[in-house]
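Notes to accompany the following structure.
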Amino acid sequence: HLRKAGYTSQQIVIGGDSAGGGLSLALLGQLLARGGDRPAGVFAFSPLTDMSFSSPSMEENAHSDVLLPVGRARECADFYLVGHDVNDPRVSPVHADMTGAPPVYLAVSKREILRDDTLRMEASLRKSGVCVALELHDAAPHAWPIFHGLIPEAEETLCSVSRWIKTLWRTEGES
């Protein structure tokens with residue numbers, strides 16, 4: 001829709017939080033696999049990047065993540081996957097080839113069950129040569145930017161990602 005409205009791909013930044021952050025990264029993987037246009041950047045707050053739920057933080061942080069009940073993760077995944085392979089990069093972007101990706105901004109808390117998903121995604125992106133900004137909070141809740149106006153960490157992160165997006169657009173305009 002944005003492209004049809006006249007925006008160039010370099011004027012578009014995609015992003016999301018939690019499952020939406022995972023979808024944003026999966027979309028990026030699909031755009032790269034197809035070739036052609038790619039967005040100026042992608043941000044993901046507390047992204048779900050591995051539907052196998054095999055990261056150690058799933059168990060380590062089961063009691064400290066107050067928003068995501070680890071006990072319901074597989075049940076929710078079954079509704080989403082409907083028998084689909086959990087290792088397919090379209091549902092687990094941590095397995096996608098991100099070579100040629102634009103800059104990516106990731107934010108996660110050390111207390112989340114998805115902490116290691118994000119850290120593995122960061123490592124995968126860096127291995128592919130992608131410029132990655134990582135914001136790692138000590139104690140913020142899952143997908144904390146949704147609590148804008150309620151907790152200070154939310155405003156800090158939203159301001160940080162806003163500054164990051166502005167650098168993407170400045171860089172494009174300068175080249």
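Ligands are numbered from 1 in the order shown, chains are lettered A, B, ... in the order of the structure tokens, and residues start at 1 in each chain.
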Spatial neighbours of segment 99-110 of chain A, 6 Å, only C-alpha atoms, chain gap at least 3 places, as a PDB file with N, CA, C and O atoms, in the first residue's frame:
```
ATOM      1  N   ALA A  40      14.151   0.680   4.552  1.00  0.00           N
ATOM      2  CA  ALA A  40      15.324   1.396   5.064  1.00  0.00           C
ATOM      3  C   ALA A  40      15.849   0.755   6.335  1.00  0.00           C
ATOM      4  O   ALA A  40      17.037   0.817   6.636  1.00  0.00           O
ATOM      5  N   GLY A  41      14.970   0.124   7.090  1.00  0.00           N
ATOM      6  CA  GLY A  41      15.359  -0.516   8.334  1.00  0.00           C
ATOM      7  C   GLY A  41      14.207  -1.288   8.931  1.00  0.00           C
ATOM      8  O   GLY A  41      13.064  -1.187   8.471  1.00  0.00           O
ATOM      9  N   VAL A  42      14.531  -2.059   9.971  1.00  0.00           N
ATOM     10  CA  VAL A  42      13.535  -2.861  10.679  1.00  0.00           C
ATOM     11  C   VAL A  42      13.827  -2.753  12.166  1.00  0.00           C
ATOM     12  O   VAL A  42      14.981  -2.830  12.584  1.00  0.00           O
ATOM     13  N   PHE A  43      12.763  -2.564  12.965  1.00  0.00           N
ATOM     14  CA  PHE A  43      12.942  -2.622  14.415  1.00  0.00           C
ATOM     15  C   PHE A  43      12.031  -3.700  14.988  1.00  0.00           C
ATOM     16  O   PHE A  43      10.969  -3.994  14.438  1.00  0.00           O
ATOM     17  N   ALA A  44      12.480  -4.308  16.069  1.00  0.00           N
ATOM     18  CA  ALA A  44      11.701  -5.353  16.726  1.00  0.00           C
ATOM     19  C   ALA A  44      11.930  -5.263  18.231  1.00  0.00           C
ATOM     20  O   ALA A  44      13.060  -5.320  18.691  1.00  0.00           O
ATOM     21  N   PHE A  45      10.829  -5.108  18.950  1.00  0.00           N
ATOM     22  CA  PHE A  45      10.869  -5.074  20.410  1.00  0.00           C
ATOM     23  C   PHE A  45      10.460  -6.451  20.927  1.00  0.00           C
ATOM     24  O   PHE A  45       9.372  -6.938  20.624  1.00  0.00           O
ATOM     25  N   SER A  46      11.322  -7.094  21.684  1.00  0.00           N
ATOM     26  CA  SER A  46      11.034  -8.399  22.276  1.00  0.00           C
ATOM     27  C   SER A  46      10.496  -9.387  21.249  1.00  0.00           C
ATOM     28  O   SER A  46       9.458 -10.020  21.447  1.00  0.00           O
ATOM     29  N   ARG A 115      14.331 -13.421  25.586  1.00  0.00           N
ATOM     30  CA  ARG A 115      15.658 -12.791  25.594  1.00  0.00           C
ATOM     31  C   ARG A 115      16.613 -13.482  24.624  1.00  0.00           C
ATOM     32  O   ARG A 115      17.236 -12.837  23.775  1.00  0.00           O
ATOM     33  N   SER A 128      25.577 -12.260   9.181  1.00  0.00           N
ATOM     34  CA  SER A 128      25.214 -11.947   7.794  1.00  0.00           C
ATOM     35  C   SER A 128      25.717 -10.574   7.362  1.00  0.00           C
ATOM     36  O   SER A 128      25.419 -10.117   6.264  1.00  0.00           O
ATOM     37  N   VAL A 130      24.982  -7.623   8.842  1.00  0.00           N
ATOM     38  CA  VAL A 130      23.972  -6.587   9.042  1.00  0.00           C
ATOM     39  C   VAL A 130      24.378  -5.682  10.202  1.00  0.00           C
ATOM     40  O   VAL A 130      24.881  -6.143  11.229  1.00  0.00           O
ATOM     41  N   CYS A 131      24.147  -4.390  10.046  1.00  0.00           N
ATOM     42  CA  CYS A 131      24.363  -3.420  11.121  1.00  0.00           C
ATOM     43  C   CYS A 131      23.202  -3.543  12.106  1.00  0.00           C
ATOM     44  O   CYS A 131      22.044  -3.326  11.740  1.00  0.00           O
ATOM     45  N   VAL A 132      23.515  -3.910  13.351  1.00  0.00           N
ATOM     46  CA  VAL A 132      22.486  -4.154  14.354  1.00  0.00           C
ATOM     47  C   VAL A 132      22.700  -3.251  15.555  1.00  0.00           C
ATOM     48  O   VAL A 132      23.809  -3.161  16.073  1.00  0.00           O
ATOM     49  N   ALA A 133      21.625  -2.608  15.987  1.00  0.00           N
ATOM     50  CA  ALA A 133      21.625  -1.877  17.249  1.00  0.00           C
ATOM     51  C   ALA A 133      20.854  -2.739  18.241  1.00  0.00           C
ATOM     52  O   ALA A 133      19.736  -3.168  17.956  1.00  0.00           O
ATOM     53  N   LEU A 134      21.453  -3.031  19.388  1.00  0.00           N
ATOM     54  CA  LEU A 134      20.801  -3.849  20.408  1.00  0.00           C
ATOM     55  C   LEU A 134      20.608  -3.033  21.671  1.00  0.00           C
ATOM     56  O   LEU A 134      21.558  -2.462  22.199  1.00  0.00           O
ATOM     57  N   GLU A 135      19.381  -2.995  22.144  1.00  0.00           N
ATOM     58  CA  GLU A 135      19.057  -2.365  23.422  1.00  0.00           C
ATOM     59  C   GLU A 135      18.670  -3.487  24.371  1.00  0.00           C
ATOM     60  O   GLU A 135      17.663  -4.172  24.161  1.00  0.00           O
ATOM     61  N   LEU A 136      19.488  -3.700  25.391  1.00  0.00           N
ATOM     62  CA  LEU A 136      19.268  -4.780  26.349  1.00  0.00           C
ATOM     63  C   LEU A 136      18.982  -4.169  27.722  1.00  0.00           C
ATOM     64  O   LEU A 136      19.879  -3.601  28.341  1.00  0.00           O
ATOM     65  N   HIS A 137      17.734  -4.273  28.157  1.00  0.00           N
ATOM     66  CA  HIS A 137      17.332  -3.719  29.451  1.00  0.00           C
ATOM     67  C   HIS A 137      17.508  -4.745  30.557  1.00  0.00           C
ATOM     68  O   HIS A 137      17.369  -5.940  30.327  1.00  0.00           O
ATOM     69  N   ASP A 138      17.763  -4.254  31.756  1.00  0.00           N
ATOM     70  CA  ASP A 138      17.944  -5.152  32.891  1.00  0.00           C
ATOM     71  C   ASP A 138      16.629  -5.724  33.411  1.00  0.00           C
ATOM     72  O   ASP A 138      16.558  -6.896  33.734  1.00  0.00           O
ATOM     73  N   ALA A 140      13.077  -4.405  32.394  1.00  0.00           N
ATOM     74  CA  ALA A 140      11.826  -3.969  31.774  1.00  0.00           C
ATOM     75  C   ALA A 140      10.954  -5.191  31.455  1.00  0.00           C
ATOM     76  O   ALA A 140      11.463  -6.277  31.209  1.00  0.00           O
TER      77      ALA A 140
END
```
Fewer than 2 positions away in the same chain doesn't count, so skip those; otherwise give me all residues within 12 Å of segment 74-79 of chain A, counting only C-alpha atoms, as an mmCIF file with C-alpha atoms, in the first residue's frame.
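The resulting file, result.cif, is reproduced below:
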```cif
data_model
loop_
_atom_site.group_PDB
_atom_site.id
_atom_site.type_symbol
_atom_site.label_atom_id
_atom_site.label_comp_id
_atom_site.auth_asym_id
_atom_site.auth_seq_id
_atom_site.Cartn_x
_atom_site.Cartn_y
_atom_site.Cartn_z
ATOM 1 C CA ALA A 19 4.983 -11.806 17.696
ATOM 2 C CA LEU A 48 9.564 -14.004 18.847
ATOM 3 C CA THR A 49 12.140 -15.353 16.395
ATOM 4 C CA ASP A 50 12.199 -19.105 17.047
ATOM 5 C CA MET A 51 8.973 -21.088 17.171
ATOM 6 C CA SER A 52 10.824 -24.128 18.562
ATOM 7 C CA PHE A 53 10.976 -22.348 21.953
ATOM 8 C CA SER A 54 14.350 -24.013 22.532
ATOM 9 C CA MET A 58 12.357 -19.858 28.023
ATOM 10 C CA LEU A 68 4.245 -14.040 28.662
ATOM 11 C CA PRO A 69 3.236 -17.322 30.262
ATOM 12 C CA VAL A 70 5.718 -19.896 29.014
ATOM 13 C CA GLY A 71 3.207 -22.649 29.711
ATOM 14 C CA ARG A 72 0.948 -21.367 26.926
ATOM 15 C CA LEU A 81 1.754 -23.203 12.843
ATOM 16 C CA VAL A 82 -1.011 -25.712 12.083
ATOM 17 C CA GLY A 83 1.592 -28.428 11.484
ATOM 18 C CA HIS A 84 4.106 -26.134 9.725
ATOM 19 C CA ASP A 85 7.842 -26.747 10.320
ATOM 20 C CA VAL A 86 9.080 -24.648 13.265
ATOM 21 C CA VAL A 91 7.885 -18.534 10.984
ATOM 22 C CA SER A 92 11.274 -18.570 12.744
#
```
Write down as a ChimeraX atom specification the residues belonging to segment 35-148 of chain A that are assigned alpha helix (DSSP H) by DSSP computed on the backbone. /A:57-60,73-81,115-127
So, counting only C-alpha atoms, which residue among A:Arg3, A:His95, A:Lys166, A:Arg90 is closest to Ser24 of chain A? A:Arg90
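Running DSSP on the backbone gives strand (DSSP E) for these residues within chain A: Val13, Ile14, Gly15, Gly16, Asp17, Gly41, Val42, Phe43, Ala44, Phe45, Val104, Tyr105, Leu106, Ala107, Val108, Ser109, Val132, Ala133, Leu134, Glu135, Leu136 and His137 of chain A.
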Just to be explicit: take each residue in the selection above, keep C-alpha atoms, and write the result as a PDB file, in the first residue's frame.
```pdb
ATOM      1  CA  VAL A  13      10.715   1.242   8.135  1.00  0.00           C
ATOM      2  CA  ILE A  14       8.914  -1.855   9.343  1.00  0.00           C
ATOM      3  CA  GLY A  15       8.671  -3.021  12.911  1.00  0.00           C
ATOM      4  CA  GLY A  16       6.686  -4.597  15.658  1.00  0.00           C
ATOM      5  CA  ASP A  17       6.749  -6.048  19.116  1.00  0.00           C
ATOM      6  CA  GLY A  41      15.359  -0.516   8.334  1.00  0.00           C
ATOM      7  CA  VAL A  42      13.535  -2.861  10.679  1.00  0.00           C
ATOM      8  CA  PHE A  43      12.942  -2.622  14.415  1.00  0.00           C
ATOM      9  CA  ALA A  44      11.701  -5.353  16.726  1.00  0.00           C
ATOM     10  CA  PHE A  45      10.869  -5.074  20.410  1.00  0.00           C
ATOM     11  CA  VAL A 104      18.036  -3.598  12.355  1.00  0.00           C
ATOM     12  CA  TYR A 105      17.182  -2.292  15.834  1.00  0.00           C
ATOM     13  CA  LEU A 106      16.437  -4.919  18.486  1.00  0.00           C
ATOM     14  CA  ALA A 107      15.275  -4.322  22.051  1.00  0.00           C
ATOM     15  CA  VAL A 108      14.760  -6.954  24.741  1.00  0.00           C
ATOM     16  CA  SER A 109      14.880  -7.300  28.499  1.00  0.00           C
ATOM     17  CA  VAL A 132      22.486  -4.154  14.354  1.00  0.00           C
ATOM     18  CA  ALA A 133      21.625  -1.877  17.249  1.00  0.00           C
ATOM     19  CA  LEU A 134      20.801  -3.849  20.408  1.00  0.00           C
ATOM     20  CA  GLU A 135      19.057  -2.365  23.422  1.00  0.00           C
ATOM     21  CA  LEU A 136      19.268  -4.780  26.349  1.00  0.00           C
ATOM     22  CA  HIS A 137      17.332  -3.719  29.451  1.00  0.00           C
TER      23      HIS A 137
END
```
Counting only C-alpha atoms, figure out which residue out of A:Ser57, A:Tyr80, A:Ser18, A:Met98 gets nearest to Arg34 of chain A.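 Among the listed residues, A:Met98 lies closest to Arg34 of chain A.
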Taking only C-alpha atoms into account, which of A:Glu112, A:Glu59, A:Glu153, A:Asp37 comes nearest Ile12 of chain A?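 Using only C-alpha atoms, Ile12 of chain A sits closest to A:Asp37.
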Non-local contacts of Thr8 of chain A (12 Å; only C-alpha atoms; under 6 positions in same chain excluded) as a JSON list (two decimals) with N, CA, C and O atoms, in the first residue's frame:
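Result written to result_31.json:
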```
[["chain", "number", "residue", "atom", "x", "y", "z"],
["A", 1, "HIS", "N", 0.81, -1.19, 0.00],
["A", 1, "HIS", "CA", 0.00, 0.00, 0.00],
["A", 1, "HIS", "C", 0.87, 1.27, 0.00],
["A", 1, "HIS", "O", 0.57, 2.21, -0.72],
["A", 2, "LEU", "N", 1.90, 1.28, 0.83],
["A", 2, "LEU", "CA", 2.78, 2.45, 0.88],
["A", 2, "LEU", "C", 3.49, 2.68, -0.45],
["A", 2, "LEU", "O", 3.62, 3.81, -0.90],
["A", 37, "ASP", "N", 13.50, -4.61, -3.83],
["A", 37, "ASP", "CA", 13.37, -3.58, -2.80],
["A", 37, "ASP", "C", 13.43, -4.16, -1.38],
["A", 37, "ASP", "O", 12.98, -5.26, -1.12],
["A", 38, "ARG", "N", 13.98, -3.35, -0.51],
["A", 38, "ARG", "CA", 14.00, -3.66, 0.91],
["A", 38, "ARG", "C", 13.76, -2.37, 1.67],
["A", 38, "ARG", "O", 14.04, -1.28, 1.15],
["A", 39, "PRO", "N", 13.23, -2.43, 2.87],
["A", 39, "PRO", "CA", 12.97, -1.21, 3.63],
["A", 39, "PRO", "C", 14.27, -0.54, 4.07],
["A", 39, "PRO", "O", 15.34, -1.15, 4.01],
["A", 40, "ALA", "N", 14.15, 0.68, 4.55],
["A", 40, "ALA", "CA", 15.32, 1.40, 5.06],
["A", 40, "ALA", "C", 15.85, 0.76, 6.34],
["A", 40, "ALA", "O", 17.04, 0.82, 6.64],
["A", 169, "TRP", "N", 17.11, 7.73, 7.62],
["A", 169, "TRP", "CA", 16.62, 8.63, 6.59],
["A", 169, "TRP", "C", 17.64, 9.70, 6.24],
["A", 169, "TRP", "O", 17.77, 10.10, 5.10],
["A", 172, "GLU", "N", 20.27, 8.06, 4.02],
["A", 172, "GLU", "CA", 19.76, 7.85, 2.65],
["A", 172, "GLU", "C", 19.74, 9.17, 1.90],
["A", 172, "GLU", "O", 20.12, 9.23, 0.75]]
```
Using only C-alpha atoms for the distances, tell me which of A:Ala96, A:Ala33, A:Ala143, A:Ala123 is nearest to Gly21 of chain A.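 Closest candidate: A:Ala143.
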